[in-house]
>>> print(open('structure37.txt').read())   # compact mmCIF, C-alpha atoms
# COMPACT_ATOMS: atom_id res chain seq x y z
CA MET A 1 42.99 157.69 117.79
CA SER A 2 44.21 160.82 116.02
CA SER A 3 41.85 163.36 114.53
CA ASN A 4 42.73 162.30 110.96
CA THR A 5 40.78 159.09 111.59
CA TYR A 6 37.72 161.10 110.51
CA ALA A 7 39.37 162.84 107.54
CA GLN A 8 37.03 161.49 104.83
CA SER A 9 33.94 162.36 106.87
CA ALA A 10 35.30 165.89 107.30
CA ILE A 11 35.74 166.28 103.55
CA LEU A 12 32.23 164.98 102.85
CA LEU A 13 30.77 167.24 105.52
CA GLU A 14 32.22 170.33 103.85
CA ARG A 15 30.76 169.14 100.55
CA ALA A 16 27.39 168.50 102.19
CA LYS A 17 27.28 171.96 103.77
CA LYS A 18 27.13 173.49 100.30
CA VAL A 19 23.74 171.90 99.63
CA LEU A 20 22.35 170.63 102.98
CA ALA A 21 21.62 173.12 105.77
CA GLY A 22 24.38 172.41 108.28
CA GLY A 23 25.43 169.43 106.19
CA VAL A 24 22.76 167.16 107.71
CA SER A 25 19.07 166.26 107.44
CA SER A 26 18.32 166.07 111.17
CA GLU A 27 19.70 168.45 113.78
CA PHE A 28 21.09 165.82 116.16
CA ARG A 29 23.44 164.43 113.51
CA LYS A 30 25.57 167.56 113.79
CA TYR A 31 26.67 166.57 117.25
CA ASN A 32 28.55 163.38 116.60
CA HIS A 33 32.24 163.38 117.49
CA PRO A 34 34.22 165.25 116.29
CA HIS A 35 31.57 166.37 113.78
CA ALA A 36 28.85 164.76 111.67
CA ILE A 37 30.08 161.36 110.49
CA PHE A 38 29.29 159.67 107.17
CA TYR A 39 28.57 155.96 107.39
CA THR A 40 28.81 153.30 104.72
CA HIS A 41 27.04 150.24 106.13
CA GLY A 42 25.92 148.44 109.26
CA LYS A 43 25.61 144.79 110.22
CA GLY A 44 24.25 143.38 113.45
CA SER A 45 25.65 145.37 116.38
CA ARG A 46 28.27 147.14 114.23
CA ILE A 47 28.33 150.23 112.03
CA TYR A 48 31.12 151.42 109.71
CA ASP A 49 32.11 154.89 108.46
CA VAL A 50 33.81 156.23 105.34
CA ASP A 51 37.17 156.26 107.13
CA GLU A 52 36.81 152.49 107.65
CA ASN A 53 36.25 152.85 111.40
CA GLU A 54 34.16 150.07 112.94
CA TYR A 55 31.94 150.91 115.90
CA LEU A 56 30.07 148.80 118.42
CA ASP A 57 26.75 150.60 118.14
CA PHE A 58 24.51 151.43 121.09
CA THR A 59 22.68 154.26 119.32
CA LEU A 60 20.74 151.93 117.00
CA SER A 61 20.00 155.01 114.87
CA GLN A 62 18.31 156.71 117.87
CA GLY A 63 16.41 153.53 118.68
CA PRO A 64 14.71 152.02 115.61
CA LEU A 65 17.15 149.16 115.00
CA ILE A 66 15.84 146.80 117.66
CA LEU A 67 17.02 143.80 115.58
CA GLY A 68 20.36 145.44 114.85
CA HIS A 69 21.62 146.69 111.51
CA SER A 70 20.58 145.06 108.24
CA HIS A 71 18.58 142.15 109.63
CA PRO A 72 18.23 139.74 106.69
CA LYS A 73 14.58 138.88 107.28
CA VAL A 74 13.63 142.55 107.27
CA LEU A 75 15.67 143.39 104.19
CA ASN A 76 14.38 140.35 102.31
CA ALA A 77 10.77 141.18 103.19
CA VAL A 78 11.21 144.75 101.97
CA SER A 79 12.90 143.64 98.76
CA GLU A 80 10.35 140.98 97.90
CA TYR A 81 7.28 143.12 98.60
CA SER A 82 8.74 146.18 96.86
CA GLU A 83 8.99 144.17 93.66
CA LYS A 84 5.19 144.06 93.63
CA GLY A 85 5.03 147.86 93.78
CA GLN A 86 6.07 150.79 95.93
CA ILE A 87 2.71 152.35 96.80
CA PHE A 88 -0.79 151.99 95.36
CA ALA A 89 -2.88 154.87 96.79
CA GLY A 90 -5.04 151.97 97.88
CA GLN A 91 -5.03 149.04 100.24
CA HIS A 92 -2.90 145.90 100.17
CA ILE A 93 -2.93 142.60 102.00
CA LYS A 94 0.12 143.09 104.22
CA GLU A 95 -1.41 146.28 105.63
CA ILE A 96 -4.27 144.19 107.00
CA MET A 97 -1.85 141.55 108.26
CA LEU A 98 0.19 144.17 110.14
CA ALA A 99 -2.91 145.75 111.67
CA GLU A 100 -4.24 142.35 112.73
CA LEU A 101 -0.90 141.54 114.34
CA LEU A 102 -0.81 144.83 116.28
CA ASN A 103 -4.42 144.29 117.32
CA GLU A 104 -3.38 140.93 118.73
CA ILE A 105 -0.32 142.04 120.69
CA ILE A 106 -1.00 145.64 121.83
CA PRO A 107 -3.62 146.02 124.60
CA SER A 108 -5.04 149.37 123.40
CA ALA A 109 -4.95 148.65 119.65
CA GLU A 110 -8.61 147.99 118.86
CA LEU A 111 -8.37 150.22 115.77
CA MET A 112 -5.37 151.95 114.22
CA ARG A 113 -4.08 154.06 111.36
CA PHE A 114 -0.58 154.05 109.91
CA CYS A 115 1.50 157.20 109.45
CA LEU A 116 5.12 157.98 108.64
CA ASP A 117 6.61 159.14 111.93
CA GLY A 118 5.87 159.70 115.59
CA SER A 119 5.46 163.47 115.30
CA GLU A 120 2.44 163.27 113.00
CA ALA A 121 0.90 160.35 114.88
CA VAL A 122 1.02 162.42 118.09
CA GLN A 123 -0.80 165.29 116.39
CA THR A 124 -3.44 162.86 115.11
CA ALA A 125 -4.00 161.64 118.66
CA PHE A 126 -4.51 165.22 119.85
CA ARG A 127 -7.02 165.83 117.06
CA VAL A 128 -9.01 162.73 118.03
CA ALA A 129 -9.03 163.71 121.71
CA ARG A 130 -10.18 167.26 120.99
CA ALA A 131 -12.94 166.06 118.68
CA LYS A 132 -14.32 163.52 121.15
CA THR A 133 -14.16 165.67 124.29
CA GLY A 134 -14.90 169.08 122.82
CA ARG A 135 -12.02 170.45 124.91
CA GLN A 136 -8.97 172.20 123.52
CA LYS A 137 -5.88 171.70 125.70
CA PHE A 138 -3.63 168.73 126.34
CA LEU A 139 -1.58 168.16 129.46
CA ARG A 140 2.04 167.07 129.12
CA PHE A 141 5.15 166.81 131.27
CA GLU A 142 8.48 168.61 131.47
CA GLY A 143 11.25 166.96 129.49
CA HIS A 144 9.00 164.54 127.62
CA TYR A 145 9.62 164.51 123.89
CA HIS A 146 6.63 164.11 121.58
CA GLY A 147 8.12 165.24 118.29
CA TRP A 148 9.24 168.56 116.93
CA MET A 149 5.91 170.18 115.95
CA ASP A 150 5.17 173.64 117.35
CA ASN A 151 2.80 172.71 120.16
CA VAL A 152 5.17 170.15 121.71
CA CYS A 153 8.36 172.11 121.06
CA TRP A 154 8.31 173.66 124.53
CA GLY A 155 9.49 172.41 127.92
CA LEU A 156 12.39 170.42 126.47
CA SER A 157 15.18 172.76 127.51
CA ALA A 158 15.84 175.32 130.22
CA PRO A 159 18.83 177.36 131.37
CA SER A 160 18.61 175.93 134.91
CA GLU A 161 16.28 174.20 137.34
CA ASP A 162 15.53 177.53 139.05
CA ALA A 163 14.47 179.04 135.73
CA LEU A 164 11.59 176.57 135.50
CA GLY A 165 9.74 178.27 138.33
CA SER A 166 7.45 176.50 140.76
CA HIS A 167 6.17 172.96 140.35
CA GLU A 168 2.60 174.23 140.33
CA ASN A 169 3.19 176.88 137.64
CA PRO A 170 6.16 175.84 135.51
CA GLU A 171 7.84 178.21 133.10
CA VAL A 172 8.38 176.86 129.59
CA TYR A 173 11.04 177.78 127.09
CA PRO A 174 10.93 177.33 123.31
CA TRP A 175 13.17 174.60 121.94
CA SER A 176 13.50 176.45 118.64
CA GLN A 177 13.08 179.90 117.21
CA GLY A 178 10.15 180.41 114.89
CA LEU A 179 7.44 179.01 117.16
CA PRO A 180 4.17 180.97 117.25
CA ASP A 181 3.51 182.31 120.75
CA SER A 182 0.00 180.90 120.54
CA SER A 183 1.35 177.33 120.39
CA LYS A 184 2.23 177.39 124.08
CA ASP A 185 -1.41 178.10 124.88
CA GLU A 186 -2.39 174.66 123.60
CA PHE A 187 -1.04 172.77 126.61
CA ILE A 188 -0.66 172.62 130.36
CA ILE A 189 2.73 171.38 131.55
CA LEU A 190 3.70 169.79 134.88
CA PRO A 191 6.70 168.03 136.39
CA TRP A 192 6.48 164.25 135.96
CA ASN A 193 6.07 161.66 138.71
CA ASP A 194 4.08 163.96 141.03
CA LEU A 195 0.66 162.31 141.18
CA ASP A 196 -0.74 164.61 143.86
CA LEU A 197 0.01 167.70 141.77
CA PHE A 198 -1.42 166.03 138.67
CA GLU A 199 -4.64 165.12 140.48
CA LYS A 200 -4.99 168.64 141.88
CA THR A 201 -4.40 170.26 138.49
CA VAL A 202 -6.82 168.01 136.64
CA ALA A 203 -9.50 168.50 139.29
CA GLU A 204 -9.23 172.25 138.82
CA ARG A 205 -8.89 172.36 135.04
CA HIS A 206 -10.46 169.17 133.64
CA LYS A 207 -13.03 171.13 131.65
CA GLU A 208 -10.15 172.43 129.50
CA ILE A 209 -8.25 169.16 129.07
CA ALA A 210 -8.87 166.84 126.12
CA ALA A 211 -5.85 164.60 126.63
CA VAL A 212 -2.91 163.74 128.84
CA ILE A 213 0.18 162.56 126.95
CA THR A 214 3.15 160.87 128.56
CA GLU A 215 6.14 158.73 127.75
CA PRO A 216 5.51 155.65 129.95
CA VAL A 217 9.24 155.75 130.67
CA MET A 218 10.78 159.20 130.40
CA CYS A 219 13.39 158.04 127.91
CA ASN A 220 14.56 161.32 126.44
CA SER A 221 15.59 163.07 129.67
CA GLY A 222 17.25 160.74 132.16
CA CYS A 223 15.55 157.45 131.24
CA ILE A 224 13.32 157.83 134.28
CA LEU A 225 10.92 155.07 135.30
CA PRO A 226 7.47 155.97 136.63
CA GLU A 227 7.16 155.91 140.40
CA LYS A 228 5.12 153.06 141.81
CA GLY A 229 1.42 153.67 141.13
CA TYR A 230 2.03 156.74 138.96
CA LEU A 231 0.79 155.41 135.63
CA LYS A 232 -2.10 153.67 137.38
CA GLY A 233 -2.98 157.01 138.95
CA LEU A 234 -2.91 158.77 135.58
CA ARG A 235 -5.21 156.11 134.18
CA LYS A 236 -7.70 156.41 137.04
CA ILE A 237 -7.85 160.20 136.98
CA CYS A 238 -8.18 160.42 133.19
CA SER A 239 -11.04 157.92 133.30
CA GLN A 240 -12.72 159.88 136.08
CA TYR A 241 -12.83 163.07 134.00
CA GLY A 242 -13.30 161.61 130.51
CA ILE A 243 -9.81 162.65 129.38
CA ALA A 244 -7.87 160.67 126.78
CA LEU A 245 -4.76 159.06 128.22
CA ILE A 246 -2.17 158.91 125.43
CA PHE A 247 0.97 156.81 125.73
CA ASP A 248 3.79 158.00 123.50
CA GLU A 249 5.42 154.62 122.86
CA VAL A 250 7.72 155.80 120.11
CA ILE A 251 10.66 154.53 122.20
CA THR A 252 9.06 152.04 124.59
CA GLY A 253 6.97 150.35 121.90
CA PHE A 254 8.27 146.84 121.07
CA ARG A 255 11.29 147.52 123.30
CA LEU A 256 10.04 146.81 126.84
CA SER A 257 7.84 144.01 125.59
CA LEU A 258 6.11 142.96 122.39
CA GLY A 259 3.01 144.85 123.52
CA GLY A 260 4.98 147.89 124.59
CA ALA A 261 5.08 149.65 127.93
CA GLN A 262 1.33 149.24 128.30
CA GLU A 263 1.77 145.48 128.40
CA TYR A 264 4.93 145.73 130.55
CA PHE A 265 3.25 147.94 133.19
CA GLY A 266 -0.26 146.56 132.80
CA ILE A 267 -1.83 149.97 132.13
CA THR A 268 -3.98 150.40 129.02
CA PRO A 269 -4.19 153.93 127.57
CA ASP A 270 -6.98 155.22 125.35
CA LEU A 271 -4.63 156.10 122.50
CA SER A 272 -1.04 155.12 121.75
CA VAL A 273 1.65 156.20 119.33
CA PHE A 274 4.24 153.75 117.97
CA ALA A 275 7.20 154.31 115.64
CA LYS A 276 11.01 153.77 115.74
CA ALA A 277 11.46 150.03 116.51
CA MET A 278 8.19 149.21 114.76
CA GLY A 279 9.82 149.33 111.33
CA SER A 280 13.53 148.66 111.89
CA GLY A 281 14.42 152.07 110.47
CA TYR A 282 11.80 152.28 107.73
CA PRO A 283 9.47 155.30 108.03
CA ILE A 284 6.30 153.98 109.61
CA SER A 285 4.31 154.85 112.70
CA ALA A 286 0.88 154.05 114.07
CA ILE A 287 -1.78 155.71 116.12
CA ALA A 288 -3.66 152.92 117.86
CA GLY A 289 -6.47 153.08 120.36
CA LYS A 290 -9.74 151.99 121.79
CA ARG A 291 -12.62 151.88 119.37
CA GLU A 292 -14.61 154.53 121.23
CA TRP A 293 -11.85 157.04 120.43
CA MET A 294 -10.63 155.78 117.07
CA SER A 295 -14.19 155.59 115.72
CA LEU A 296 -13.98 159.34 115.07
CA ILE A 297 -11.41 158.58 112.39
CA GLU A 298 -13.45 155.59 111.22
CA ASP A 299 -16.48 157.85 110.75
CA ALA A 300 -14.40 160.60 109.09
CA LYS A 301 -15.32 163.06 111.80
CA VAL A 302 -11.58 163.39 112.30
CA ILE A 303 -9.56 163.48 109.10
CA HIS A 304 -6.34 161.52 108.92
CA ALA A 305 -4.60 161.28 105.56
CA GLY A 306 -1.23 160.93 103.88
CA THR A 307 -0.16 159.95 100.39
CA MET A 308 2.83 157.98 101.62
CA ASN A 309 1.09 156.15 104.48
CA SER A 310 1.42 152.34 104.57
CA SER A 311 3.62 151.99 101.50
CA ASN A 312 4.67 148.47 100.59
CA PRO A 313 8.29 148.71 101.86
CA THR A 314 7.39 150.26 105.22
CA VAL A 315 4.59 147.81 105.99
CA ALA A 316 6.74 144.85 104.94
CA ALA A 317 9.55 146.07 107.23
CA ALA A 318 7.22 146.47 110.20
CA LEU A 319 5.54 143.11 109.68
CA ALA A 320 8.89 141.33 109.39
CA THR A 321 10.32 143.12 112.43
CA ILE A 322 7.42 142.25 114.69
CA GLU A 323 7.27 138.67 113.44
CA VAL A 324 10.97 138.23 114.27
CA LEU A 325 10.43 139.71 117.73
CA ARG A 326 7.45 137.43 118.31
CA SER A 327 9.20 134.28 117.13
CA GLU A 328 12.67 134.85 118.59
CA LYS A 329 11.56 136.46 121.88
CA PRO A 330 14.75 138.42 122.60
CA TYR A 331 13.35 140.37 125.57
CA ASN A 332 14.84 138.37 128.43
CA ARG A 333 18.22 138.59 126.74
CA MET A 334 17.90 142.33 126.11
CA PHE A 335 17.00 142.97 129.74
CA GLU A 336 19.82 140.72 130.93
CA TYR A 337 22.45 142.39 128.75
CA GLY A 338 21.16 145.85 129.55
CA ASN A 339 21.31 145.29 133.29
CA LYS A 340 24.72 143.63 133.01
CA LEU A 341 26.03 146.63 131.09
CA MET A 342 24.51 149.05 133.60
CA ASP A 343 26.15 147.20 136.50
CA GLY A 344 29.45 147.11 134.63
CA LEU A 345 29.39 150.85 134.02
CA LYS A 346 28.58 151.54 137.68
CA ASN A 347 31.49 149.37 138.80
CA ALA A 348 33.84 150.97 136.28
CA ALA A 349 32.94 154.43 137.56
CA LYS A 350 33.42 153.35 141.16
CA LYS A 351 36.85 151.86 140.40
CA THR A 352 38.01 155.01 138.62
CA GLY A 353 36.60 157.53 141.09
CA HIS A 354 33.77 159.07 139.10
CA ASP A 355 30.25 159.87 140.22
CA LEU A 356 28.19 158.25 137.48
CA LEU A 357 24.43 157.82 137.55
CA VAL A 358 23.25 154.81 135.54
CA GLN A 359 19.50 154.24 135.40
CA GLY A 360 16.78 152.79 133.21
CA PRO A 361 14.89 149.54 132.70
CA GLY A 362 17.68 147.74 130.78
CA PRO A 363 16.81 147.60 127.06
CA MET A 364 17.44 151.36 127.22
CA PHE A 365 19.18 153.32 129.95
CA THR A 366 21.04 156.56 130.52
CA ILE A 367 24.30 157.64 132.10
CA ALA A 368 25.07 161.02 133.68
CA PHE A 369 27.89 162.51 135.70
CA THR A 370 26.26 163.63 138.93
CA LYS A 371 26.36 162.93 142.65
CA LEU A 372 22.64 162.11 142.57
CA GLY A 373 21.86 158.44 143.11
CA LYS A 374 18.55 158.70 141.27
CA VAL A 375 16.51 161.24 139.35
CA SER A 376 12.71 161.21 139.23
CA ASN A 377 11.91 164.17 136.99
CA TYR A 378 13.35 166.41 134.32
CA ARG A 379 14.29 169.22 136.69
CA GLU A 380 16.80 167.04 138.47
CA THR A 381 18.61 166.30 135.20
CA LEU A 382 19.49 169.95 134.64
CA GLY A 383 22.34 169.73 137.12
CA PHE A 384 24.14 166.96 135.24
CA ASP A 385 27.74 167.65 134.18
CA LYS A 386 27.16 167.81 130.43
CA ALA A 387 30.75 168.81 129.61
CA LYS A 388 32.08 165.70 131.32
CA LEU A 389 29.53 163.52 129.56
CA SER A 390 30.56 164.99 126.21
CA GLN A 391 34.20 164.16 127.03
CA PHE A 392 33.25 160.58 127.88
CA ILE A 393 31.10 160.14 124.76
CA ALA A 394 33.90 161.50 122.55
CA LYS A 395 36.55 159.23 124.08
CA MET A 396 34.26 156.21 123.77
CA HIS A 397 33.71 157.09 120.12
CA ASP A 398 37.47 157.33 119.58
CA ASN A 399 37.64 153.84 121.07
CA ASN A 400 34.99 152.52 118.65
CA ILE A 401 31.93 152.58 120.94
CA ARG A 402 29.04 154.66 119.62
CA ILE A 403 26.59 156.15 122.16
CA ILE A 404 23.89 158.81 121.81
CA GLY A 405 25.32 162.17 122.88
CA ARG A 406 22.87 162.77 125.71
CA GLY A 407 24.01 159.54 127.38
CA LEU A 408 21.23 157.22 126.22
CA TRP A 409 22.14 153.61 125.39
CA TYR A 410 20.00 151.09 123.48
CA ILE A 411 20.35 147.31 123.54
CA SER A 412 19.32 145.34 120.45
CA ALA A 413 18.55 141.71 119.80
CA ALA A 414 21.85 141.62 117.89
CA HIS A 415 24.06 142.49 120.87
CA ASN A 416 25.82 139.60 122.59
CA GLU A 417 27.83 138.89 125.72
CA GLU A 418 31.13 139.82 124.06
CA ASP A 419 29.68 143.20 123.03
CA ILE A 420 28.65 143.94 126.60
CA GLN A 421 32.03 143.02 128.03
CA THR A 422 33.82 145.07 125.35
CA ALA A 423 31.74 148.12 126.23
CA ILE A 424 32.41 147.72 129.95
CA LYS A 425 36.17 147.29 129.49
CA THR A 426 36.32 150.26 127.14
CA ALA A 427 34.32 152.43 129.52
CA GLU A 428 36.65 151.57 132.41
CA LYS A 429 39.67 152.43 130.25
CA VAL A 430 38.13 155.76 129.19
CA LEU A 431 37.07 156.69 132.72
CA ALA A 432 40.58 155.95 133.98
CA GLU A 433 42.00 158.25 131.29
CA MET A 434 39.66 161.12 132.12
CA SER A 435 41.47 163.58 134.31
CA GLY A 436 40.30 164.81 137.66
CA GLY A 437 38.15 161.91 138.83
CA ASN A 438 35.09 163.54 140.35
>>> encode(input="structure37.txt", output="structure tokens")
Amino acid sequence: MSSNTYAQSAILLERAKKVLAGGVSSEFRKYNHPHAIFYTHGKGSRIYDVDENEYLDFTLSQGPLILGHSHPKVLNAVSEYSEKGQIFAGQHIKEIMLAELLNEIIPSAELMRFCLDGSEAVQTAFRVARAKTGRQKFLRFEGHYHGWMDNVCWGLSAPSEDALGSHENPEVYPWSQGLPDSSKDEFIILPWNDLDLFEKTVAERHKEIAAVITEPVMCNSGCILPEKGYLKGLRKICSQYGIALIFDEVITGFRLSLGGAQEYFGITPDLSVFAKAMGSGYPISAIAGKREWMSLIEDAKVIHAGTMNSSNPTVAAALATIEVLRSEKPYNRMFEYGNKLMDGLKNAAKKTGHDLLVQGPGPMFTIAFTKLGKVSNYRETLGFDKAKLSQFIAKMHDNNIRIIGRGLWYISAAHNEEDIQTAIKTAEKVLAEMSGGN
């Protein structure tokens, strides 16, 4: 494809820059290829831009579109319930129905509250943990993303693995300018998947720690699965010291199984955060947890509020999404297609002489150009060849396959066998075109 394929998007971007900072409303949208792209509509596994390009979409809008674009049951539910009103500053019946459904399917969801996005739900979980334990710090892990608020906006980037310092005393770097220095005093950070170090640290500092927060699968930096026994170990140690174990299921929720990663791995946290796939792209999230923790919100000892929480359209979207997932049971198919695509990409790289790491559980996975056969923590991802990945992502985009720029792929219930084979064939073509092999 020639560069003029994106001519209309380029014109609109210049127009947008006059009124939108950077021409976008979320930072990551700047980094599409060859620049921010303007889209017109999506249907199933496809998305279309203003230049009439059609893409096979594996970004799923950074994960929310688990049923694919424009699922009719979701759109109809939103339309029908919105006709009754947008928001009431009061309760409505579908809010109860959604909560009852989550209570039924999610192991930790004895009580819950609805919010608008994962970032604020995470902060609510911290507030609950601090209130119950009387402690002030939370423990988190390098490379795990828990939103863009100040106190979790550290440890997401680093100039090199060496710059992170020792495993026992990691150095953290701000992800953004404008963070108060005091925000990095709110947490303790460790490398992930090192249970011995975690146990040692908690034994020494448990009197400071209100909560431990983790992605059950480290989706945002390498799509790294927990080592055998790791999550079980976190659960045991947190219980031993009366620390809240928080699962950030913004990505894993409803994607690994209907009950999230906690059902998939058989580990029940004290508190959980859900968003993204919960509402098929509508702005809704949930903090859910065991009654002994969530009762602090119930009793108004911890304040949780929000004018826009549980609006009619967002609740209708979430209820319809989860009902479709429960009735159609697409999980076996999503795992099958994900693993088939992963195998196809590995074979394509082998045929064309590239060192390509492909890892993840299947419904989501990552690719990286590296000689490593596996990565187990964030530090190991810092040696990936990002320039080569960017070249691959751009060439795939020019060949009508849309992938998240950091190499993360999502499988939806709308993808089919033909989509998977198309992606594999295109990847092999692109890899063959890329100069230099390894």
>>> residues_around(input="structure37.txt", residues="Glu14 (chain A)", least_positions_apart="4", cutoff="8 Å", atoms="all atoms listed in the file", output="VMD selection string")
chain A and resid 10 18 23
>>> atom_distance(input="structure37.txt", atom1="CA of Tyr31 (chain A)", atom2="CA of Ser157 (chain A)")
16.6 Å
>>> residues_around(input="structure37.txt", residues="Cys223 (chain A)", least_positions_apart="4", cutoff="7 Å", atoms="all atoms listed in the file", output="PyMOL selection string")
chain A and resi 217-219+359-360+365-366
>>> write_last_selection(input="structure37.txt", atoms="C-alpha atoms", output="PDB file, in the coordinates of the input")
ATOM      1  CA  VAL A 217       9.240 155.750 130.670  1.00  0.00           C
ATOM      2  CA  MET A 218      10.780 159.200 130.400  1.00  0.00           C
ATOM      3  CA  CYS A 219      13.390 158.040 127.910  1.00  0.00           C
ATOM      4  CA  GLN A 359      19.500 154.240 135.400  1.00  0.00           C
ATOM      5  CA  GLY A 360      16.780 152.790 133.210  1.00  0.00           C
ATOM      6  CA  PHE A 365      19.180 153.320 129.950  1.00  0.00           C
ATOM      7  CA  THR A 366      21.040 156.560 130.520  1.00  0.00           C
TER       8      THR A 366
END
>>> closest_residue(input="structure37.txt", among="A:Pro283, A:Pro313, A:Gly222, A:Gly266", to="Ala368 (chain A)", atoms="all atoms listed in the file")
A:Gly222
>>> residues_near_point(input="structure37.txt", point="(35.9, 157.4, 139.0)", cutoff="12 Å", atoms="all atoms listed in the file", output="ChimeraX atom specification")
/A:345-357,369-371,388,392,427-438
>>> write_last_selection(input="structure37.txt", atoms="C-alpha atoms", output="CSV table (one decimal), in the coordinates of the input")
chain,number,residue,atom,x,y,z
A,345,LEU,CA,29.4,150.8,134.0
A,346,LYS,CA,28.6,151.5,137.7
A,347,ASN,CA,31.5,149.4,138.8
A,348,ALA,CA,33.8,151.0,136.3
A,349,ALA,CA,32.9,154.4,137.6
A,350,LYS,CA,33.4,153.4,141.2
A,351,LYS,CA,36.8,151.9,140.4
A,352,THR,CA,38.0,155.0,138.6
A,353,GLY,CA,36.6,157.5,141.1
A,354,HIS,CA,33.8,159.1,139.1
A,355,ASP,CA,30.2,159.9,140.2
A,356,LEU,CA,28.2,158.2,137.5
A,357,LEU,CA,24.4,157.8,137.6
A,369,PHE,CA,27.9,162.5,135.7
A,370,THR,CA,26.3,163.6,138.9
A,371,LYS,CA,26.4,162.9,142.6
A,388,LYS,CA,32.1,165.7,131.3
A,392,PHE,CA,33.2,160.6,127.9
A,427,ALA,CA,34.3,152.4,129.5
A,428,GLU,CA,36.6,151.6,132.4
A,429,LYS,CA,39.7,152.4,130.2
A,430,VAL,CA,38.1,155.8,129.2
A,431,LEU,CA,37.1,156.7,132.7
A,432,ALA,CA,40.6,156.0,134.0
A,433,GLU,CA,42.0,158.2,131.3
A,434,MET,CA,39.7,161.1,132.1
A,435,SER,CA,41.5,163.6,134.3
A,436,GLY,CA,40.3,164.8,137.7
A,437,GLY,CA,38.2,161.9,138.8
A,438,ASN,CA,35.1,163.5,140.4
>>> residues_near_point(input="structure37.txt", point="(-11.8, 165.0, 125.8)", cutoff="12 Å", atoms="all atoms listed in the file", output="MDAnalysis selection string")
chainID A and resid 125:139 206:212 238:246 270:271 292:293
>>> residues_around(input="structure37.txt", residues="Met334 (chain A)", least_positions_apart="2", cutoff="9 Å", atoms="all atoms listed in the file", output="number ranges by chain")
A: 255, 330-332, 336-339, 362-363, 411-413, 415
>>> atom_distance(input="structure37.txt", atom1="CA of Val273 (chain A)", atom2="CA of Asn169 (chain A)")
27.7 Å
>>> axis_aligned_box(input="structure37.txt", around="region 289-299 of chain A", padding_each_side="6 Å", output="AutoDock Vina command-line options")
--center_x -11.5 --center_y 155.6 --center_z 116.3 --size_x 22.0 --size_y 19.5 --size_z 23.0
>>> atom_distance(input="structure37.txt", atom1="CA of Leu225 (chain A)", atom2="CA of Asp57 (chain A)")
23.8 Å
>>> closest_residue(input="structure37.txt", among="A:Gly306, A:Pro361, A:Gly289, A:Gly22", to="Ala109 (chain A)", atoms="all atoms listed in the file")
A:Gly289
>>> closest_residue(input="structure37.txt", among="A:Ile267, A:Leu325, A:Ile251, A:Leu156", to="Leu234 (chain A)", atoms="all atoms listed in the file")
A:Ile267
>>> closest_residue(input="structure37.txt", among="A:Leu116, A:Lys94, A:Met396, A:Gln8", to="Tyr282 (chain A)", atoms="only C-alpha atoms")
A:Leu116
>>> closest_residue(input="structure37.txt", among="A:Asn32, A:Ser280, A:Asn53, A:Ser183", to="Asp150 (chain A)", atoms="only C-alpha atoms")
A:Ser183
>>> residues_around(input="structure37.txt", residues="Pro174 (chain A)", least_positions_apart="4", cutoff="7 Å", atoms="all atoms listed in the file", output="list in words")
Cys153, Trp154 and Gly155 of chain A
>>> decode(input="structure37.txt", residues="region 231-240 of chain A", atoms="N, CA and C atoms", output="mmCIF file, in the first residue's frame")
data_model
loop_
_atom_site.group_PDB
_atom_site.id
_atom_site.type_symbol
_atom_site.label_atom_id
_atom_site.label_comp_id
_atom_site.auth_asym_id
_atom_site.auth_seq_id
_atom_site.Cartn_x
_atom_site.Cartn_y
_atom_site.Cartn_z
ATOM 1 N N LEU A 231 0.347 -17.710 42.085
ATOM 2 C CA LEU A 231 -0.865 -17.052 42.580
ATOM 3 C C LEU A 231 -1.355 -17.701 43.875
ATOM 4 N N LYS A 232 -1.217 -19.012 43.953
ATOM 5 C CA LYS A 232 -1.595 -19.717 45.192
ATOM 6 C C LYS A 232 -0.733 -19.233 46.348
ATOM 7 N N GLY A 233 0.547 -19.001 46.060
ATOM 8 C CA GLY A 233 1.452 -18.498 47.090
ATOM 9 C C GLY A 233 1.086 -17.096 47.533
ATOM 10 N N LEU A 234 0.732 -16.228 46.575
ATOM 11 C CA LEU A 234 0.288 -14.884 46.941
ATOM 12 C C LEU A 234 -0.932 -14.946 47.845
ATOM 13 N N ARG A 235 -1.861 -15.825 47.496
ATOM 14 C CA ARG A 235 -3.091 -15.955 48.275
ATOM 15 C C ARG A 235 -2.771 -16.396 49.714
ATOM 16 N N LYS A 236 -1.926 -17.388 49.846
ATOM 17 C CA LYS A 236 -1.594 -17.922 51.171
ATOM 18 C C LYS A 236 -0.900 -16.870 52.034
ATOM 19 N N ILE A 237 0.040 -16.161 51.461
ATOM 20 C CA ILE A 237 0.818 -15.187 52.231
ATOM 21 C C ILE A 237 -0.038 -13.980 52.604
ATOM 22 N N CYS A 238 -0.872 -13.517 51.689
ATOM 23 C CA CYS A 238 -1.772 -12.403 52.015
ATOM 24 C C CYS A 238 -2.734 -12.785 53.139
ATOM 25 N N SER A 239 -3.252 -13.999 53.087
ATOM 26 C CA SER A 239 -4.146 -14.461 54.157
ATOM 27 C C SER A 239 -3.408 -14.533 55.486
ATOM 28 N N GLN A 240 -2.183 -14.986 55.450
ATOM 29 C CA GLN A 240 -1.381 -15.129 56.672
ATOM 30 C C GLN A 240 -1.214 -13.799 57.395
#
